[in-house]
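Heads up, the thing below is written out as structure tokens.
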Amino acid sequence: MLEAAVAVAAIWLLTRLTAVSTDDWLRFGALIAAITIHLTVVRRAEEARRNEASGPHIDLTSVWTFAAAVALPGGLAVIATIWMRILIQPIARRQPYRFVFGTASMLASTLLSWALVHLSGVSLAATGNVPTDLSLVLILAIAAVVYWFVQVMTVAAAFKIVTPNSKVLGSKVDNMLEMSTLGAGAMLGMLMTSHWVGPLLLTVPVILVNALLSRAGERRTHLERLLREQEQLHQRLAADAHTDYRTGLLNTNGLTEYAGRLAERCRLDGEPMTVLVIDLDHFKRINDTWGHPAGNAVLAEVGRILREKLRPGDVAGRDGGEEFVVALKDTPVAQGVTIAERIREAIGSLAVPTTDKHRNVVTLYGREIQPPEPEGESLQAISASIGVAVIPDNGPDMATAQHSADAALYKAKENGRNQVRVAGLDIPPRLMPAPRQDDATKPITTRTA
């Protein structure tokens, strides 16, 4: 609809070119030369600015098209605008339908501004009559606002259809730049009415302003990239300061901070929070028998299990050595015991490929499964004892509840390991399965590849 209306108006004005004077043709030629020189010189810089623009792109071409609307007959203003759009296309590289729409939008702005200026009857030359001369300023200001408004509304409608969440009106700086450009175009139009060389005089300043905008855009992009990198580095350092690199869980500092926050949030919401203290059984024996790389592999697998088994919002961390602490939000003791059993069984069902002290390949198994190797009994080395406590029953805060869960953990150790115990409850432990009677005395051998 817009394209059709603009095409009809443009064709009608083009048919009236017979009434153009020699001075008009000189002004038109100078303007065409200025547009060509400007867009040829700034092509690379303008391509970079357009690529960096996240929304509607504001360039300096309005200085030429608005000047054409002020100083040229309608038909020549149409030709100047179309020529400018032809030179812009290799820079903008818009799809044909976007190019046609953009051209129609700019022609609509130019034609409406032209109609407002030329049909108002105001003289573009100084008359010496103050009210008459000031009325020219008012007309040009209104024409500039009309030019800007038509551009904004047509582009806004198109952007809303294609990208509904985009910022279609541009930033404050973009609109200030556009209004400044229109002001320069108004002055150029008035200059052109007194001498046709006006566009040529303005070519170099416009090119220099374009270069300054390009340099400012490059610096802004560089600063934004530095700020993004600094923010990413800050986030990475903050994460590293709270993360145990071996398991991917929180370290002691992170555990204290995040679990403390979770406990306080649950207290304010009146919700229970269950605390699990998990300790790997005979972990020192794994290190002594197969070496620290084997122990590290087991720790990493336990960290993976905790990340997989816990819900979003729960907190898990390694509290030094082979001990892990888990904070379960909005979890009563019965549900906490169920989760603890699930974790204990998963740890007891591990199969961890690793190497021994001599760099031979070996697989360590949990005590819940029977390894396929002939020497598998000696490789059943992984199990965990878990103590359970709940806030507020076993204490009002994280530190007190963790201390109570520690006490329950030691009770599990004393009663044979590989089990879950609850603080303050004398319940029979669930043994799955009970350790072998000779497990504590039988020497552990390794299997070489």
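Here's how to read the names in the structure tokens: chain A, B, ... by the order shown, residue numbers from 1 in each chain, ligand numbers from 1 in the order shown.
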
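Using only C-alpha atoms, the contacts of Ala9 in chain A at a cut-off of 9 Å, with sequence neighbours closer than 4 positions omitted, comprise Ala4, Ala5, Leu13, Leu14, Ala108 and Leu111 of chain A.
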
May I have the selected residues written with N, CA, C and O atoms, as a short mmCIF file (atom, residue, chain, number, x, y, z; two decimals), in the first residue's frame?
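This is the output file part24.cif:
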```cif
data_model
loop_
_atom_site.label_atom_id
_atom_site.label_comp_id
_atom_site.auth_asym_id
_atom_site.auth_seq_id
_atom_site.Cartn_x
_atom_site.Cartn_y
_atom_site.Cartn_z
N ALA A 4 2.72 1.58 -3.32
CA ALA A 4 1.85 2.01 -4.43
C ALA A 4 1.58 3.50 -4.36
O ALA A 4 1.64 4.22 -5.37
N ALA A 5 1.27 4.01 -3.15
CA ALA A 5 0.98 5.43 -3.00
C ALA A 5 2.20 6.28 -3.36
O ALA A 5 2.10 7.31 -4.04
N LEU A 13 5.09 13.53 -10.07
CA LEU A 13 6.06 14.60 -9.98
C LEU A 13 7.09 14.52 -11.10
O LEU A 13 7.55 15.55 -11.61
N LEU A 14 7.44 13.31 -11.50
CA LEU A 14 8.42 13.16 -12.58
C LEU A 14 7.88 13.68 -13.92
O LEU A 14 8.64 14.11 -14.79
N ALA A 108 8.50 8.63 0.79
CA ALA A 108 7.33 9.19 1.46
C ALA A 108 7.73 10.35 2.36
O ALA A 108 7.07 11.41 2.37
N LEU A 111 8.76 13.33 0.03
CA LEU A 111 7.64 13.96 -0.67
C LEU A 111 6.75 14.75 0.27
O LEU A 111 6.28 15.85 -0.07
#
```

Quick one: residues within 7 Å of range 400-408 of chain A, only C-alpha atoms counted, chain neighbours fewer than 4 positions away excluded, as an MDAnalysis selection string? chainID A and resid 275:277 387:391 394:396 412 421:423

May I have the residues from that selection written out with C-alpha atoms, as an mmCIF file, in the first residue's frame?
```cif
data_model
loop_
_atom_site.group_PDB
_atom_site.id
_atom_site.type_symbol
_atom_site.label_atom_id
_atom_site.label_comp_id
_atom_site.auth_asym_id
_atom_site.auth_seq_id
_atom_site.Cartn_x
_atom_site.Cartn_y
_atom_site.Cartn_z
ATOM 1 C CA VAL A 275 21.199 -32.046 55.457
ATOM 2 C CA LEU A 276 23.174 -35.091 54.297
ATOM 3 C CA VAL A 277 26.797 -35.694 55.244
ATOM 4 C CA GLY A 387 24.303 -39.119 58.128
ATOM 5 C CA VAL A 388 20.968 -37.311 57.926
ATOM 6 C CA ALA A 389 19.739 -34.317 59.911
ATOM 7 C CA VAL A 390 16.857 -31.924 59.391
ATOM 8 C CA ILE A 391 16.311 -28.252 60.109
ATOM 9 C CA ASN A 394 18.175 -31.084 64.640
ATOM 10 C CA GLY A 395 19.153 -27.429 64.854
ATOM 11 C CA PRO A 396 18.064 -23.980 63.702
ATOM 12 C CA ALA A 412 26.797 -45.355 60.610
ATOM 13 C CA ARG A 421 21.653 -43.062 59.792
ATOM 14 C CA VAL A 422 19.361 -40.279 61.008
ATOM 15 C CA ALA A 423 20.370 -37.880 63.756
#
```

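Distance annotation: of A:Val117, A:Val78, A:Val209, A:Leu227, the residue with the minimal separation from Leu60 in chain A is A:Val209; atom set is only C-alpha atoms.
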
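We find CA of Asn415 in chain A and CA of Gly336 in chain A to be spaced 20.3 Å apart.
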
Where in range 188-288 of chain A does DSSP assign strand (DSSP E or B), given as an MDAnalysis selection string? chainID A and resid 243 250 273:280

Residues from the last selection, N, CA, C and O atoms, saved as a compact mmCIF listing (two decimals), in the first residue's frame:
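Contents of the output file again26.txt:
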```
# COMPACT_ATOMS: atom_id res chain seq x y z
N THR A 243 34.09 -23.35 43.66
CA THR A 243 33.94 -24.66 43.03
C THR A 243 35.13 -25.55 43.34
O THR A 243 36.29 -25.11 43.30
N LEU A 250 30.41 -27.57 44.78
CA LEU A 250 30.89 -26.45 45.57
C LEU A 250 32.04 -26.90 46.47
O LEU A 250 32.08 -28.06 46.90
N MET A 273 14.45 -28.39 55.94
CA MET A 273 15.58 -28.61 55.05
C MET A 273 16.41 -29.76 55.60
O MET A 273 16.81 -29.75 56.76
N THR A 274 16.65 -30.76 54.77
CA THR A 274 17.42 -31.93 55.19
C THR A 274 18.87 -31.76 54.78
O THR A 274 19.17 -31.32 53.66
N VAL A 275 19.77 -32.12 55.69
CA VAL A 275 21.20 -32.05 55.46
C VAL A 275 21.77 -33.46 55.45
O VAL A 275 21.52 -34.24 56.39
N LEU A 276 22.51 -33.79 54.40
CA LEU A 276 23.17 -35.09 54.30
C LEU A 276 24.68 -34.88 54.39
O LEU A 276 25.23 -33.99 53.72
N VAL A 277 25.33 -35.66 55.20
CA VAL A 277 26.80 -35.69 55.24
C VAL A 277 27.22 -37.07 54.74
O VAL A 277 26.86 -38.09 55.34
N ILE A 278 27.95 -37.10 53.64
CA ILE A 278 28.32 -38.35 52.96
C ILE A 278 29.82 -38.54 53.09
O ILE A 278 30.59 -37.63 52.78
N ASP A 279 30.22 -39.72 53.50
CA ASP A 279 31.65 -40.02 53.62
C ASP A 279 31.93 -41.35 52.93
O ASP A 279 31.22 -42.34 53.15
N LEU A 280 32.94 -41.37 52.06
CA LEU A 280 33.30 -42.60 51.35
C LEU A 280 34.04 -43.53 52.31
O LEU A 280 34.98 -43.13 53.00
```

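Of the residues listed (A:Thr221, A:Thr103, A:Leu350, A:Val122), A:Val122 shows the shortest atom-to-atom separation from Ser135 in chain A; distances use only C-alpha atoms.
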
DSSP-assigned helix (DSSP H, G or I) among range 259-384 of chain A, expressed as a PyMOL selection string: chain A and resi 259-269+283-290+292-309+333-348+376-379

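Proximity to Val42 in chain A was assessed for A:Tyr147, A:Ala67, A:Arg215, A:Thr81 counting only C-alpha atoms; the smallest distance is recorded for A:Arg215.
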
Find the residues around His195 in chain A up to 12 Å (only C-alpha atoms counted), leave out those fewer than 2 positions away in its own chain, and share them as JSON, numbers by chain. {"A": [23, 24, 26, 27, 28, 30, 31, 71, 125, 188, 189, 190, 191, 192, 193, 197, 198, 199, 200, 201]}

Go ahead and write the selection's residues with N, CA and C atoms as a PDB file, in the first residue's frame.
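Contents of out27.pdb, as written:
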```pdb
ATOM      1  N   ASP A  23      18.990  26.711 -13.019  1.00  0.00           N
ATOM      2  CA  ASP A  23      19.545  26.718 -11.660  1.00  0.00           C
ATOM      3  C   ASP A  23      19.156  25.442 -10.907  1.00  0.00           C
ATOM      4  N   ASP A  24      17.929  24.973 -11.132  1.00  0.00           N
ATOM      5  CA  ASP A  24      17.499  23.734 -10.475  1.00  0.00           C
ATOM      6  C   ASP A  24      18.338  22.547 -10.952  1.00  0.00           C
ATOM      7  N   LEU A  26      21.407  22.708 -12.009  1.00  0.00           N
ATOM      8  CA  LEU A  26      22.727  22.848 -11.410  1.00  0.00           C
ATOM      9  C   LEU A  26      22.722  22.363  -9.948  1.00  0.00           C
ATOM     10  N   ARG A  27      21.712  22.761  -9.205  1.00  0.00           N
ATOM     11  CA  ARG A  27      21.607  22.303  -7.810  1.00  0.00           C
ATOM     12  C   ARG A  27      21.487  20.776  -7.772  1.00  0.00           C
ATOM     13  N   PHE A  28      20.662  20.261  -8.682  1.00  0.00           N
ATOM     14  CA  PHE A  28      20.464  18.799  -8.722  1.00  0.00           C
ATOM     15  C   PHE A  28      21.774  18.089  -9.043  1.00  0.00           C
ATOM     16  N   ALA A  30      24.874  19.155  -8.554  1.00  0.00           N
ATOM     17  CA  ALA A  30      25.788  19.252  -7.414  1.00  0.00           C
ATOM     18  C   ALA A  30      25.388  18.285  -6.298  1.00  0.00           C
ATOM     19  N   LEU A  31      24.080  18.157  -6.080  1.00  0.00           N
ATOM     20  CA  LEU A  31      23.614  17.247  -5.026  1.00  0.00           C
ATOM     21  C   LEU A  31      23.906  15.793  -5.383  1.00  0.00           C
ATOM     22  N   ALA A  71      15.035  22.338  -1.452  1.00  0.00           N
ATOM     23  CA  ALA A  71      15.555  23.231  -2.500  1.00  0.00           C
ATOM     24  C   ALA A  71      15.221  22.814  -3.913  1.00  0.00           C
ATOM     25  N   ALA A 125      14.150  32.528   0.498  1.00  0.00           N
ATOM     26  CA  ALA A 125      15.154  33.589   0.520  1.00  0.00           C
ATOM     27  C   ALA A 125      14.796  34.605   1.605  1.00  0.00           C
ATOM     28  N   LEU A 188      21.462  23.214   4.446  1.00  0.00           N
ATOM     29  CA  LEU A 188      21.974  22.991   3.099  1.00  0.00           C
ATOM     30  C   LEU A 188      20.935  23.382   2.054  1.00  0.00           C
ATOM     31  N   GLY A 189      19.659  23.045   2.321  1.00  0.00           N
ATOM     32  CA  GLY A 189      18.609  23.415   1.374  1.00  0.00           C
ATOM     33  C   GLY A 189      18.508  24.913   1.191  1.00  0.00           C
ATOM     34  N   MET A 190      18.580  25.657   2.300  1.00  0.00           N
ATOM     35  CA  MET A 190      18.542  27.121   2.191  1.00  0.00           C
ATOM     36  C   MET A 190      19.773  27.650   1.463  1.00  0.00           C
ATOM     37  N   LEU A 191      20.956  27.041   1.715  1.00  0.00           N
ATOM     38  CA  LEU A 191      22.176  27.467   1.031  1.00  0.00           C
ATOM     39  C   LEU A 191      22.071  27.199  -0.461  1.00  0.00           C
ATOM     40  N   MET A 192      21.470  26.080  -0.821  1.00  0.00           N
ATOM     41  CA  MET A 192      21.349  25.730  -2.241  1.00  0.00           C
ATOM     42  C   MET A 192      20.470  26.715  -2.999  1.00  0.00           C
ATOM     43  N   THR A 193      19.513  27.339  -2.326  1.00  0.00           N
ATOM     44  CA  THR A 193      18.648  28.290  -3.026  1.00  0.00           C
ATOM     45  C   THR A 193      19.393  29.556  -3.414  1.00  0.00           C
ATOM     46  N   VAL A 197      26.448  25.493  -5.480  1.00  0.00           N
ATOM     47  CA  VAL A 197      27.610  24.702  -5.050  1.00  0.00           C
ATOM     48  C   VAL A 197      27.502  24.254  -3.591  1.00  0.00           C
ATOM     49  N   GLY A 198      26.406  24.595  -2.920  1.00  0.00           N
ATOM     50  CA  GLY A 198      26.253  24.250  -1.506  1.00  0.00           C
ATOM     51  C   GLY A 198      26.532  22.783  -1.178  1.00  0.00           C
ATOM     52  N   PRO A 199      25.955  21.828  -1.932  1.00  0.00           N
ATOM     53  CA  PRO A 199      26.221  20.416  -1.625  1.00  0.00           C
ATOM     54  C   PRO A 199      27.697  20.052  -1.689  1.00  0.00           C
ATOM     55  N   LEU A 200      28.419  20.646  -2.650  1.00  0.00           N
ATOM     56  CA  LEU A 200      29.843  20.323  -2.768  1.00  0.00           C
ATOM     57  C   LEU A 200      30.626  20.833  -1.564  1.00  0.00           C
ATOM     58  N   LEU A 201      30.221  21.983  -1.008  1.00  0.00           N
ATOM     59  CA  LEU A 201      30.892  22.514   0.174  1.00  0.00           C
ATOM     60  C   LEU A 201      30.681  21.630   1.398  1.00  0.00           C
TER      61      LEU A 201
END
```
